[in-house]
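Trainee: Just so it is clear, I am handing over work.tsv, which has TSV, C-alpha atoms.
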chain	number	residue	atom	x	y	z
A	24	MET	CA	59.55	-93.84	-16.69
A	25	GLU	CA	61.79	-93.20	-19.73
A	26	ILE	CA	62.95	-95.92	-22.13
A	27	VAL	CA	66.00	-95.43	-24.40
A	28	ASN	CA	65.47	-96.94	-27.88
A	29	CYS	CA	68.10	-98.32	-30.21
A	30	ILE	CA	69.07	-94.98	-31.75
A	31	GLY	CA	69.18	-92.93	-28.59
A	32	PHE	CA	65.66	-91.43	-28.48
A	33	LYS	CA	63.81	-91.32	-25.22
A	34	GLN	CA	60.15	-92.23	-25.17
A	35	SER	CA	58.62	-89.42	-23.15
A	36	SER	CA	55.93	-90.02	-20.65
A	37	SER	CA	53.95	-86.90	-21.70
A	38	SER	CA	52.83	-85.39	-25.04
A	39	PHE	CA	54.49	-82.08	-24.17
A	40	GLU	CA	57.90	-83.73	-23.57
A	41	PHE	CA	57.42	-85.71	-26.77
A	42	VAL	CA	56.84	-82.59	-28.89
A	43	LEU	CA	59.96	-80.93	-27.41
A	44	THR	CA	62.08	-84.02	-28.08
A	45	PHE	CA	60.69	-84.26	-31.59
A	46	ALA	CA	61.57	-80.64	-32.38
A	47	GLU	CA	65.05	-80.90	-30.81
A	48	LYS	CA	65.89	-84.01	-32.82
A	49	ILE	CA	64.91	-82.42	-36.16
A	50	ASN	CA	66.95	-79.33	-35.30
A	51	GLU	CA	69.95	-81.50	-34.30
A	52	ASN	CA	69.88	-83.44	-37.59
A	53	PHE	CA	69.74	-80.25	-39.67
A	54	LYS	CA	72.69	-78.84	-37.73
A	55	LYS	CA	74.71	-82.02	-38.34
A	56	ILE	CA	74.11	-81.88	-42.07
A	57	PHE	CA	74.89	-78.17	-42.25
A	58	HIS	CA	78.02	-78.55	-40.04
A	59	SER	CA	79.24	-81.53	-42.09
A	60	GLY	CA	78.97	-79.50	-45.27
A	61	GLN	CA	80.93	-76.62	-43.78
A	62	ILE	CA	83.74	-78.97	-42.58
A	63	ASN	CA	83.96	-80.60	-46.00
A	64	ARG	CA	84.21	-77.22	-47.74
A	65	ARG	CA	86.95	-76.05	-45.33
A	66	GLU	CA	88.94	-79.29	-45.88
A	67	ASP	CA	88.65	-78.88	-49.64
A	68	SER	CA	89.95	-75.33	-49.40
A	69	ASP	CA	92.93	-76.35	-47.23
A	70	ARG	CA	93.88	-79.17	-49.62
A	71	ALA	CA	93.71	-76.81	-52.55
A	72	LYS	CA	96.17	-74.42	-50.87
A	73	LYS	CA	98.66	-77.17	-49.88
A	74	THR	CA	98.69	-78.95	-53.24
A	75	GLY	CA	98.57	-75.78	-55.30
A	76	LEU	CA	95.60	-77.06	-57.26
A	77	GLY	CA	92.62	-74.89	-58.01
A	78	ALA	CA	89.48	-75.25	-55.98
A	79	ARG	CA	87.60	-76.51	-58.99
A	80	LYS	CA	90.02	-79.41	-59.52
A	81	VAL	CA	89.90	-80.41	-55.90
A	82	ASN	CA	86.11	-80.20	-55.92
A	83	ARG	CA	85.92	-82.39	-59.01
A	84	ARG	CA	88.28	-84.91	-57.45
A	85	GLU	CA	86.46	-85.06	-54.15
A	86	ASN	CA	82.95	-84.64	-55.53
A	87	ASN	CA	81.99	-88.31	-55.42
A	88	SER	CA	83.12	-88.91	-51.83
A	89	TYR	CA	81.64	-85.55	-50.70
A	90	SER	CA	78.22	-86.33	-52.21
A	91	SER	CA	78.26	-89.86	-50.78
A	92	ALA	CA	79.01	-88.56	-47.28
A	93	ASP	CA	76.14	-86.07	-47.46
A	94	PHE	CA	73.75	-88.70	-48.77
A	95	LEU	CA	74.71	-91.18	-46.03
A	96	SER	CA	74.26	-88.45	-43.40
A	97	PHE	CA	70.84	-87.68	-44.84
A	98	LEU	CA	69.85	-91.36	-44.77
A	99	ARG	CA	70.93	-91.69	-41.13
A	100	SER	CA	68.88	-88.64	-40.18
A	101	LEU	CA	65.88	-89.92	-42.13
A	102	GLY	CA	66.19	-93.34	-40.49
A	103	SER	CA	66.40	-91.77	-37.05
A	104	PHE	CA	63.33	-89.68	-37.80
A	105	CYS	CA	61.30	-92.67	-39.07
A	106	THR	CA	62.30	-94.79	-36.07
A	107	PHE	CA	61.33	-91.99	-33.75
A	108	VAL	CA	57.91	-91.57	-35.42
A	109	GLN	CA	57.29	-95.30	-35.43
A	110	SER	CA	58.06	-95.69	-31.75
A	111	ASN	CA	55.88	-92.70	-30.86
A	112	ALA	CA	53.09	-93.15	-33.42
A	113	LYS	CA	50.24	-92.31	-31.07
A	114	LYS	CA	51.87	-89.16	-29.84
A	115	VAL	CA	52.77	-88.06	-33.40
A	116	GLY	CA	49.14	-88.52	-34.41
A	117	LEU	CA	47.98	-86.58	-31.37
A	118	ALA	CA	50.42	-83.77	-32.14
A	119	VAL	CA	49.15	-83.55	-35.75
A	120	LEU	CA	45.52	-83.49	-34.60
A	121	VAL	CA	46.22	-80.79	-32.01
A	122	SER	CA	48.05	-78.67	-34.60
A	123	PHE	CA	45.18	-79.08	-37.07
A	124	ALA	CA	42.60	-78.19	-34.41
A	125	VAL	CA	44.56	-75.06	-33.47
A	126	PHE	CA	44.77	-74.05	-37.15
A	127	ILE	CA	41.01	-74.54	-37.71
A	128	SER	CA	40.22	-72.60	-34.53
A	129	CYS	CA	42.40	-69.67	-35.63
A	130	CYS	CA	40.69	-69.61	-39.06
A	131	ALA	CA	37.24	-69.66	-37.44
A	132	ILE	CA	38.16	-66.84	-35.06
A	133	PHE	CA	39.49	-64.79	-37.97
A	134	LYS	CA	36.31	-65.35	-40.01
A	135	ILE	CA	34.02	-64.44	-37.12
A	136	SER	CA	36.07	-61.35	-36.36
A	137	ASP	CA	35.99	-60.29	-40.02
A	138	TYR	CA	32.20	-60.90	-40.19
A	139	PHE	CA	31.43	-58.65	-37.23
A	140	HIS	CA	33.92	-56.07	-38.44
A	141	SER	CA	32.08	-55.97	-41.78
A	142	THR	CA	28.66	-55.58	-40.16
A	143	THR	CA	26.97	-52.31	-39.42
A	144	GLY	CA	25.93	-51.59	-35.88
A	145	ALA	CA	23.52	-49.04	-34.46
A	146	VAL	CA	23.91	-45.69	-36.19
A	147	LYS	CA	24.57	-42.75	-33.92
A	148	LEU	CA	22.35	-39.81	-34.84
A	149	GLU	CA	23.65	-36.27	-34.57
A	150	ASN	CA	21.69	-33.07	-33.91
A	151	ASN	CA	21.19	-32.28	-37.61
A	152	TYR	CA	19.84	-35.74	-38.46
A	153	GLU	CA	16.16	-34.76	-38.46
A	154	TYR	CA	16.85	-31.73	-40.65
A	155	GLU	CA	18.92	-33.79	-43.10
A	156	MET	CA	16.26	-36.51	-43.30
A	157	SER	CA	13.50	-33.97	-43.94
A	158	MET	CA	15.54	-32.40	-46.75
A	159	LEU	CA	16.17	-35.76	-48.41
A	160	ASN	CA	12.52	-36.79	-48.03
A	161	LYS	CA	11.46	-33.50	-49.63
A	162	LEU	CA	13.88	-34.12	-52.48
A	163	MET	CA	12.55	-37.63	-53.08
A	164	ASN	CA	8.94	-36.43	-52.86
A	165	ASN	CA	9.61	-33.75	-55.48
A	166	LEU	CA	11.12	-36.35	-57.77
A	167	ALA	CA	8.14	-38.62	-57.26
A	168	LEU	CA	5.67	-35.85	-58.06
A	169	GLU	CA	7.57	-35.07	-61.27
A	170	GLY	CA	7.18	-38.64	-62.42
A	171	THR	CA	3.73	-39.58	-61.19
A	172	SER	CA	2.20	-42.65	-62.73
A	173	GLU	CA	0.37	-42.23	-66.04
A	174	TYR	CA	-1.45	-45.53	-65.75
A	175	SER	CA	-2.98	-47.79	-63.12
A	176	SER	CA	-1.66	-51.16	-61.99
A	177	ASP	CA	-3.55	-52.98	-64.78
A	178	GLY	CA	-2.19	-50.65	-67.48
A	179	THR	CA	-5.24	-48.43	-67.93
A	180	LEU	CA	-4.36	-44.80	-68.65
A	181	VAL	CA	-5.24	-42.53	-65.74
A	182	ASP	CA	-6.70	-39.80	-67.95
A	183	SER	CA	-8.37	-42.09	-70.48
A	184	LYS	CA	-11.51	-40.51	-71.96
A	185	ILE	CA	-12.93	-43.69	-73.49
A	186	SER	CA	-16.10	-44.77	-71.72
A	187	GLU	CA	-17.36	-48.33	-71.34
A	188	LYS	CA	-20.24	-47.59	-73.73
A	189	ASP	CA	-17.79	-46.44	-76.40
A	190	MET	CA	-15.75	-49.62	-75.92
A	191	GLU	CA	-18.87	-51.78	-76.27
A	192	LYS	CA	-19.63	-50.10	-79.59
A	193	LEU	CA	-16.08	-50.67	-80.79
A	194	PHE	CA	-16.26	-54.36	-79.83
A	195	CYS	CA	-19.04	-54.85	-82.35
A	196	GLN	CA	-16.75	-53.88	-85.23
A	197	PRO	CA	-13.97	-55.92	-86.84
A	198	VAL	CA	-10.52	-55.07	-85.53
A	199	THR	CA	-8.19	-53.33	-87.97
A	200	PHE	CA	-4.47	-52.60	-87.79
A	201	GLN	CA	-2.16	-49.84	-88.95
A	202	SER	CA	1.59	-49.31	-88.79
A	203	TYR	CA	3.29	-46.53	-86.84
A	204	LYS	CA	6.94	-45.44	-86.81
A	205	VAL	CA	8.10	-44.39	-83.35
A	206	LEU	CA	9.22	-40.73	-83.19
A	207	PRO	CA	11.82	-39.17	-80.87
A	208	GLY	CA	10.19	-38.40	-77.51
A	209	ASP	CA	7.46	-41.02	-77.92
A	210	SER	CA	6.56	-43.31	-75.03
A	211	ILE	CA	4.26	-46.29	-74.81
A	212	SER	CA	1.74	-44.10	-72.97
A	213	SER	CA	1.82	-41.24	-75.48
A	214	ILE	CA	1.40	-43.61	-78.45
A	215	THR	CA	-1.51	-45.33	-76.69
A	216	LYS	CA	-3.20	-41.95	-76.23
A	217	LYS	CA	-2.43	-40.83	-79.78
A	218	PHE	CA	-4.43	-43.70	-81.27
A	219	GLY	CA	-7.38	-43.49	-78.88
A	220	LEU	CA	-6.58	-46.63	-76.92
A	221	SER	CA	-7.04	-46.85	-73.15
A	222	ASN	CA	-4.60	-49.55	-72.00
A	223	ILE	CA	-0.84	-49.67	-72.60
A	224	SER	CA	-0.80	-53.47	-72.42
A	225	THR	CA	-2.49	-53.54	-75.84
A	226	LEU	CA	0.56	-52.21	-77.70
A	227	ILE	CA	2.92	-54.23	-75.50
A	228	ALA	CA	1.10	-57.52	-76.16
A	229	VAL	CA	0.33	-56.98	-79.85
A	230	ASN	CA	3.96	-56.03	-80.61
A	231	ASP	CA	5.47	-58.58	-78.21
A	232	ILE	CA	7.53	-55.89	-76.41
A	233	ASP	CA	9.80	-57.34	-73.71
A	234	ASN	CA	10.85	-54.00	-72.23
A	235	VAL	CA	9.25	-50.67	-73.12
A	236	ARG	CA	12.39	-48.85	-71.93
A	237	GLN	CA	14.10	-50.20	-75.04
A	238	LEU	CA	11.57	-48.53	-77.33
A	239	ARG	CA	13.57	-46.52	-79.88
A	240	ALA	CA	12.84	-43.89	-82.51
A	241	GLY	CA	12.37	-45.48	-85.93
A	242	GLN	CA	10.92	-48.69	-84.54
A	243	LYS	CA	7.69	-49.81	-86.26
A	244	LEU	CA	4.65	-50.80	-84.23
A	245	LYS	CA	1.38	-52.50	-85.15
A	246	ILE	CA	-1.56	-50.46	-83.82
A	247	PRO	CA	-4.99	-52.15	-83.40
A	248	SER	CA	-8.18	-50.13	-83.68
A	249	ILE	CA	-9.38	-51.34	-80.25
A	250	ASP	CA	-7.84	-52.45	-76.97
A	251	GLY	CA	-7.08	-56.13	-76.55
A	252	LEU	CA	-4.49	-58.80	-77.26
A	253	PHE	CA	-3.86	-61.80	-79.48
A	254	TYR	CA	-4.61	-65.34	-78.36
A	255	THR	CA	-3.42	-68.56	-80.02
A	256	VAL	CA	-5.97	-71.35	-79.82
A	257	GLN	CA	-4.74	-74.40	-77.91
A	258	LYS	CA	-5.93	-77.99	-78.03
A	259	GLY	CA	-9.21	-78.31	-76.14
A	260	ASN	CA	-10.07	-74.60	-76.40
A	261	SER	CA	-13.53	-73.51	-77.40
A	262	LEU	CA	-14.96	-70.10	-78.21
A	263	GLN	CA	-17.24	-70.37	-75.21
A	264	GLY	CA	-14.32	-71.23	-72.88
A	265	ILE	CA	-12.28	-68.27	-74.17
A	266	SER	CA	-15.30	-66.05	-73.74
A	267	LEU	CA	-15.66	-67.03	-70.09
A	268	LYS	CA	-11.93	-66.77	-69.40
A	269	TYR	CA	-11.61	-63.18	-70.61
A	270	GLY	CA	-15.11	-61.95	-69.77
A	271	VAL	CA	-16.02	-61.20	-73.38
A	272	THR	CA	-19.27	-62.22	-75.03
A	273	MET	CA	-19.14	-64.79	-77.81
A	274	GLU	CA	-20.89	-62.30	-80.10
A	275	ASP	CA	-18.08	-59.78	-79.61
A	276	LEU	CA	-15.46	-62.44	-80.37
A	277	LEU	CA	-17.29	-63.42	-83.53
A	278	ASP	CA	-17.75	-59.80	-84.68
A	279	VAL	CA	-14.25	-58.54	-83.89
A	280	ASN	CA	-12.60	-61.50	-85.63
A	281	GLU	CA	-15.22	-61.78	-88.43
A	282	LEU	CA	-15.81	-65.43	-87.62
A	283	GLU	CA	-18.68	-67.19	-89.38
A	284	SER	CA	-18.93	-69.96	-86.77
A	285	SER	CA	-17.75	-70.77	-83.27
A	286	GLU	CA	-15.53	-73.60	-84.53
A	287	LEU	CA	-11.84	-72.96	-83.81
A	288	ALA	CA	-8.70	-74.68	-85.11
A	289	VAL	CA	-5.60	-75.40	-83.04
A	290	GLY	CA	-2.99	-72.72	-83.77
A	291	GLN	CA	-5.57	-70.20	-84.99
A	292	VAL	CA	-4.85	-66.64	-83.78
A	293	ILE	CA	-7.79	-64.52	-82.67
A	294	PHE	CA	-8.03	-61.04	-81.14
A	295	ILE	CA	-9.58	-60.77	-77.65
A	296	PRO	CA	-11.16	-57.30	-77.31
A	297	GLY	CA	-10.62	-55.59	-73.97
A	298	ALA	CA	-8.18	-58.24	-72.71
A	299	LYS	CA	-5.21	-57.10	-70.63
A	300	LEU	CA	-1.81	-58.49	-69.67
A	301	GLU	CA	-1.41	-60.13	-66.28
A	302	PRO	CA	0.02	-57.68	-63.68
A	303	GLN	CA	3.28	-59.65	-63.44
A	304	ALA	CA	3.78	-59.66	-67.22
A	305	LEU	CA	2.95	-55.95	-67.42
A	306	SER	CA	5.40	-55.06	-64.63
A	307	LYS	CA	8.13	-57.04	-66.37
A	308	ALA	CA	7.50	-55.30	-69.70
A	309	MET	CA	7.51	-51.90	-67.99
A	310	GLY	CA	10.82	-52.65	-66.29
A	311	GLU	CA	9.23	-52.34	-62.84
A	312	LEU	CA	10.54	-55.62	-61.45
A	313	PHE	CA	13.33	-54.60	-59.12
A	314	ARG	CA	16.34	-56.81	-58.45
A	315	SER	CA	18.57	-56.91	-55.41
A	316	PRO	CA	21.23	-54.17	-55.61
A	317	LEU	CA	23.76	-56.67	-54.22
A	318	LYS	CA	24.72	-59.91	-55.94
A	319	THR	CA	26.89	-61.13	-53.09
A	320	ARG	CA	25.66	-62.49	-49.77
A	321	TYR	CA	24.67	-59.87	-47.23
A	322	ARG	CA	23.12	-59.61	-43.77
A	323	LEU	CA	19.89	-57.66	-43.37
A	324	THR	CA	20.65	-55.58	-40.26
A	325	SER	CA	17.60	-53.31	-40.35
A	326	HIS	CA	14.20	-53.82	-41.95
A	327	PHE	CA	11.84	-51.28	-43.47
A	328	GLY	CA	9.19	-49.62	-41.32
A	329	PRO	CA	8.67	-49.07	-37.59
A	330	ARG	CA	11.51	-49.95	-35.26
A	331	ALA	CA	12.78	-49.03	-31.81
A	332	ASP	CA	15.49	-46.38	-31.73
A	333	PRO	CA	18.73	-48.14	-30.67
A	334	PHE	CA	19.51	-45.38	-28.14
A	335	THR	CA	16.26	-43.82	-26.89
A	336	GLY	CA	13.98	-46.82	-27.39
A	337	ALA	CA	11.39	-44.52	-29.03
A	338	ARG	CA	9.48	-45.82	-32.03
A	339	SER	CA	10.79	-44.50	-35.36
A	340	ASN	CA	10.31	-45.27	-39.02
A	341	HIS	CA	13.20	-46.71	-41.03
A	342	THR	CA	13.00	-45.41	-44.59
A	343	GLY	CA	14.62	-48.42	-46.23
A	344	VAL	CA	16.63	-51.55	-45.54
A	345	ASP	CA	20.25	-51.90	-44.42
A	346	MET	CA	22.27	-54.62	-46.17
A	347	ALA	CA	25.61	-55.31	-44.45
A	348	CYS	CA	28.54	-56.67	-46.48
A	349	PRO	CA	32.28	-55.98	-46.93
A	350	THR	CA	33.60	-52.60	-48.10
A	351	GLY	CA	34.11	-52.46	-51.85
A	352	THR	CA	31.24	-54.79	-52.74
A	353	PRO	CA	29.70	-53.62	-56.07
A	354	ILE	CA	26.30	-51.87	-55.82
A	355	LEU	CA	24.01	-52.46	-58.82
A	356	ALA	CA	21.08	-50.46	-60.17
A	357	SER	CA	18.00	-52.29	-58.93
A	358	ALA	CA	16.10	-51.23	-62.05
A	359	SER	CA	16.92	-49.21	-65.14
A	360	GLY	CA	16.58	-45.43	-65.06
A	361	THR	CA	18.36	-42.09	-65.00
A	362	ILE	CA	20.82	-40.99	-62.30
A	363	THR	CA	19.05	-37.94	-60.87
A	364	TYR	CA	21.45	-37.16	-58.00
A	365	SER	CA	24.99	-38.22	-57.26
A	366	GLY	CA	26.72	-36.62	-54.30
A	367	THR	CA	27.30	-36.64	-50.56
A	368	SER	CA	25.11	-36.21	-47.50
A	369	PRO	CA	25.94	-36.02	-43.76
A	370	VAL	CA	23.45	-38.85	-43.19
A	371	PHE	CA	23.84	-41.15	-46.21
A	372	GLY	CA	27.46	-40.26	-47.03
A	373	TYR	CA	28.15	-40.88	-50.72
A	374	TYR	CA	24.78	-41.65	-52.27
A	375	VAL	CA	23.01	-42.01	-55.63
A	376	ILE	CA	19.35	-41.52	-56.57
A	377	ILE	CA	17.87	-43.17	-59.67
A	378	ASN	CA	14.60	-42.08	-61.29
A	379	HIS	CA	13.04	-45.19	-62.83
A	380	GLY	CA	9.98	-43.49	-64.29
A	381	ASN	CA	6.31	-44.11	-63.58
A	382	GLY	CA	6.72	-42.71	-60.07
A	383	TYR	CA	9.57	-44.97	-58.92
A	384	GLN	CA	12.83	-43.65	-57.41
A	385	SER	CA	15.53	-45.47	-55.45
A	386	LEU	CA	18.32	-44.26	-53.16
A	387	TYR	CA	21.61	-46.04	-52.45
A	388	GLY	CA	23.55	-44.71	-49.44
A	389	HIS	CA	26.82	-45.03	-47.47
A	390	MET	CA	28.91	-45.78	-50.57
A	391	SER	CA	32.69	-45.80	-50.35
A	392	LYS	CA	32.87	-44.72	-54.00
A	393	ILE	CA	30.37	-43.49	-56.60
A	394	LEU	CA	30.71	-45.01	-60.08
A	395	ALA	CA	27.83	-43.21	-61.85
A	396	GLN	CA	27.30	-39.59	-62.87
A	397	LYS	CA	24.26	-37.34	-62.72
A	398	GLY	CA	22.20	-37.56	-65.91
A	399	GLN	CA	23.60	-40.99	-66.85
A	400	TRP	CA	21.19	-43.64	-68.08
A	401	VAL	CA	21.78	-47.00	-66.38
A	402	SER	CA	20.25	-50.35	-67.17
A	403	GLN	CA	19.27	-52.87	-64.53
A	404	GLY	CA	22.38	-54.43	-63.00
A	405	THR	CA	24.77	-51.59	-63.91
A	406	ARG	CA	27.44	-50.84	-61.28
A	407	ILE	CA	26.70	-47.47	-59.71
A	408	GLY	CA	28.96	-47.57	-56.65
A	409	LEU	CA	30.81	-49.58	-54.01
A	410	VAL	CA	29.65	-50.47	-50.49
A	411	GLY	CA	31.19	-48.36	-47.74
A	412	SER	CA	30.55	-46.75	-44.39
A	413	THR	CA	30.36	-43.04	-45.21
A	414	GLY	CA	27.89	-40.72	-43.46
A	415	TYR	CA	26.28	-41.84	-40.18
A	416	SER	CA	27.37	-45.46	-40.13
A	417	THR	CA	29.34	-47.71	-37.83
A	418	GLY	CA	30.14	-50.39	-40.40
A	419	PRO	CA	30.12	-51.12	-44.13
A	420	HIS	CA	26.60	-51.58	-45.50
A	421	LEU	CA	24.18	-50.39	-48.17
A	422	HIS	CA	21.11	-48.33	-47.23
A	423	PHE	CA	18.47	-48.99	-49.92
A	424	THR	CA	15.31	-46.85	-50.15
A	425	VAL	CA	12.48	-46.90	-52.73
A	426	PHE	CA	9.73	-44.31	-53.33
A	427	LYS	CA	6.55	-44.85	-55.35
A	428	ASN	CA	4.50	-41.76	-56.21
A	429	GLY	CA	5.92	-39.84	-53.25
A	430	LYS	CA	5.42	-42.65	-50.74
A	431	LEU	CA	7.96	-44.96	-49.16
A	432	VAL	CA	7.59	-48.62	-50.02
A	433	ASP	CA	9.34	-51.68	-48.64
A	434	PRO	CA	12.22	-52.42	-51.06
A	435	LEU	CA	12.07	-56.13	-50.29
A	436	SER	CA	8.47	-56.28	-51.55
A	437	LEU	CA	9.70	-55.17	-55.01
A	438	ILE	CA	12.79	-57.33	-55.37
A	439	LYS	CA	12.18	-60.37	-57.55
Turn this file's structure into structure tokens for me.
Mentor:
Amino acid sequence: MEIVNCIGFKQSSSSFEFVLTFAEKINENFKKIFHSGQINRREDSDRAKKTGLGARKVNRRENNSYSSADFLSFLRSLGSFCTFVQSNAKKVGLAVLVSFAVFISCCAIFKISDYFHSTTGAVKLENNYEYEMSMLNKLMNNLALEGTSEYSSDGTLVDSKISEKDMEKLFCQPVTFQSYKVLPGDSISSITKKFGLSNISTLIAVNDIDNVRQLRAGQKLKIPSIDGLFYTVQKGNSLQGISLKYGVTMEDLLDVNELESSELAVGQVIFIPGAKLEPQALSKAMGELFRSPLKTRYRLTSHFGPRADPFTGARSNHTGVDMACPTGTPILASASGTITYSGTSPVFGYYVIINHGNGYQSLYGHMSKILAQKGQWVSQGTRIGLVGSTGYSTGPHLHFTVFKNGKLVDPLSLIK
């Protein structure tokens, strides 16, 4: 049943009829205002012709009454609109909620569509895939062999000729220090060898080096006569406790530091012979702590290691990890190093290989654009390219591979 209100609106029995009435009334009011303006302008023009006065004079004369008529028409329309809303408050609220829900749903659908569009799917492998992969693996293996590690995980030089007996003899003598000026071509390993030391962590710890890759010619280093590191005595420390902690005899600590007694003072600095940096601290100083090549959020679509082929179901080995994100996302160097290769491949599309030294290399594939050049030195976090979908790829993503001494390693195990 329909009820006519005081201004001529009909209260509709359904929300659909209400929305139609609502829209028609707004349209009708706008037409009235627009039509009223046109009539007024035509009347002004006719009066100007009959009286012989210019349009400007007529407009000035009639301006007050013309503006008042428009304002009154606007107030009537506004009053009609407010009355209509008030008498149909529930339906107006429902219409607003429905419109908002439709808007939110459209946004959600768009986001979901964009997410799946920006996600890589299963990669279709062509006939030359195996050949291409073998060539790239050979390339990476050659790079790894060129930069094999010169030291073990604890920093000990691989080809060190100092025996344990020789070290024991050295521990009985007071430690001495000399200064050395770094020459062009020097490395932390070569300097360690030059002075008869066996562990690179000695020079790193004694000289408080944060990153050995920043070692520069002309820099002065303090060189101890034996391997070890400094230790600052803390409250509650004792010579016996330090001896047990580092596996050094109290006699060696006394001899190396020329101590007359075992009494120690807080803040006193002593040299611990044979002590080494913790693996984490050594890796940080050597620049071996990798960071994620993507700063933005990404979806890990394929892990490292064995997986089922998406087409044949056969077991295969994935050489890296696939990180899906939108095209154009900046790709960063996971660690500092030299750009060894920068080019294109049928499998990885536009790709870059970085040689990080000490046996580490990393590959970044499927780029939409390469931002680094072969031979360029890049620090950790430098932009080297943009995410894309070049090569064998069905969606924008980054393929990230890491080699260590000629062997594939899980990139995620290195990222800190």
Trainee: Have a look at A:Ala118, A:Leu394, A:Val289, A:Cys129 and name the one nearest to Tyr254 of chain A; count all atoms listed in the file.
Mentor: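 The closest residue to Tyr254 of chain A is A:Val289.
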Trainee: Could you work out how far atom CA of Leu300 of chain A lies from atom CA of Ile438 of chain A, giving the answer in Å with one decimal?
Mentor: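 Answer for the atom CA of Ile438 of chain A to atom CA of Leu300 of chain A separation: 20.5 Å.
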Trainee: Just how far from atom CA of Ala228 of chain A is atom CA of Lys307 of chain A, in Å to one decimal?
Mentor: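 The value is 12.1 Å.
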Trainee: For a cutoff of 10 Å around the file-coordinate point (29.1, -59.6, -52.9), which residues qualify once you count only C-alpha atoms? I'd like the result as an MDAnalysis selection string.
Mentor: chainID A and resid 316:321 348:354 410
Trainee: Between atom CA of Gly270 of chain A and atom CA of Ala298 of chain A, what is the distance, to one decimal in Å?
Mentor: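 So the two atoms, atom CA of Gly270 of chain A and atom CA of Ala298 of chain A, lie 8.4 Å apart.
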Trainee: May I ask which of the residues A:Thr367, A:Ser325, A:Asn234, A:Gln384 is the closest one to His420 of chain A, counting only C-alpha atoms?
Mentor: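 The answer is A:Ser325, which sits nearest to His420 of chain A.
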Trainee: Just want the 9 Å neighbourhood of segment 216-223 of chain A, counted on all atoms listed in the file, with same-chain residues fewer than 3 positions away dropped. Output as an MDAnalysis selection string.
Mentor: chainID A and resid 174 177:185 211:213 226:228 246:251 297 299 305
Trainee: What's the 10 Å shell around Thr272 of chain A, counting only C-alpha atoms, without same-chain residues fewer than 6 positions away, as a VMD selection string?
Mentor: chain A and resid 194 262 to 263 265 to 266 296
Trainee: Excluding same-chain residues fewer than 6 positions from Gln291 of chain A, what lies within 10 Å of it counting all atoms listed in the file, as number ranges by chain?
Mentor: A: 254-257
Trainee: So which residues fall inside 9 Å of (14.0, -50.3, -58.3) if we count all atoms listed in the file? Mind giving them as a CSV table (one decimal) with C-alpha atoms, in the frame of the given file?
Mentor:
chain,number,residue,atom,x,y,z
A,310,GLY,CA,10.8,-52.6,-66.3
A,311,GLU,CA,9.2,-52.3,-62.8
A,312,LEU,CA,10.5,-55.6,-61.4
A,313,PHE,CA,13.3,-54.6,-59.1
A,314,ARG,CA,16.3,-56.8,-58.4
A,315,SER,CA,18.6,-56.9,-55.4
A,316,PRO,CA,21.2,-54.2,-55.6
A,356,ALA,CA,21.1,-50.5,-60.2
A,357,SER,CA,18.0,-52.3,-58.9
A,358,ALA,CA,16.1,-51.2,-62.0
A,359,SER,CA,16.9,-49.2,-65.1
A,360,GLY,CA,16.6,-45.4,-65.1
A,377,ILE,CA,17.9,-43.2,-59.7
A,378,ASN,CA,14.6,-42.1,-61.3
A,379,HIS,CA,13.0,-45.2,-62.8
A,383,TYR,CA,9.6,-45.0,-58.9
A,384,GLN,CA,12.8,-43.6,-57.4
A,385,SER,CA,15.5,-45.5,-55.4
A,403,GLN,CA,19.3,-52.9,-64.5
A,424,THR,CA,15.3,-46.8,-50.2
A,425,VAL,CA,12.5,-46.9,-52.7
A,426,PHE,CA,9.7,-44.3,-53.3
A,434,PRO,CA,12.2,-52.4,-51.1
A,437,LEU,CA,9.7,-55.2,-55.0
A,438,ILE,CA,12.8,-57.3,-55.4
Trainee: Nearest residue to Gln303 of chain A out of A:Gln399, A:Thr342, A:Thr363, A:Ser176, using all atoms listed in the file?
Mentor: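 Looking only at the distances to Gln303 of chain A, the closest residue turns out to be A:Ser176.
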Trainee: Please provide as JSON, numbers by chain all residues within 7 Å of segment 322-324 of chain A, with the sequence filter that same-chain residues fewer than 2 positions apart are discarded (counting only C-alpha atoms).
Mentor: {"A": [326, 345, 346, 347, 348]}
Trainee: Nearest to Asp209 of chain A: which of A:Ala124, A:Leu238, A:Val370, A:Ala288 is it, counting all atoms listed in the file?
Mentor: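 Of A:Ala124, A:Leu238, A:Val370, A:Ala288, the one nearest Asp209 of chain A, counting all atoms listed in the file, is A:Leu238.
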Trainee: Which residue out of A:Gln196, A:Thr361, A:Ser412, A:Asn381 has the minimum interatomic distance to Leu282 of chain A when all atoms listed in the file are used?
Mentor: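 Checking each candidate against Leu282 of chain A, we get A:Gln196 as the closest.
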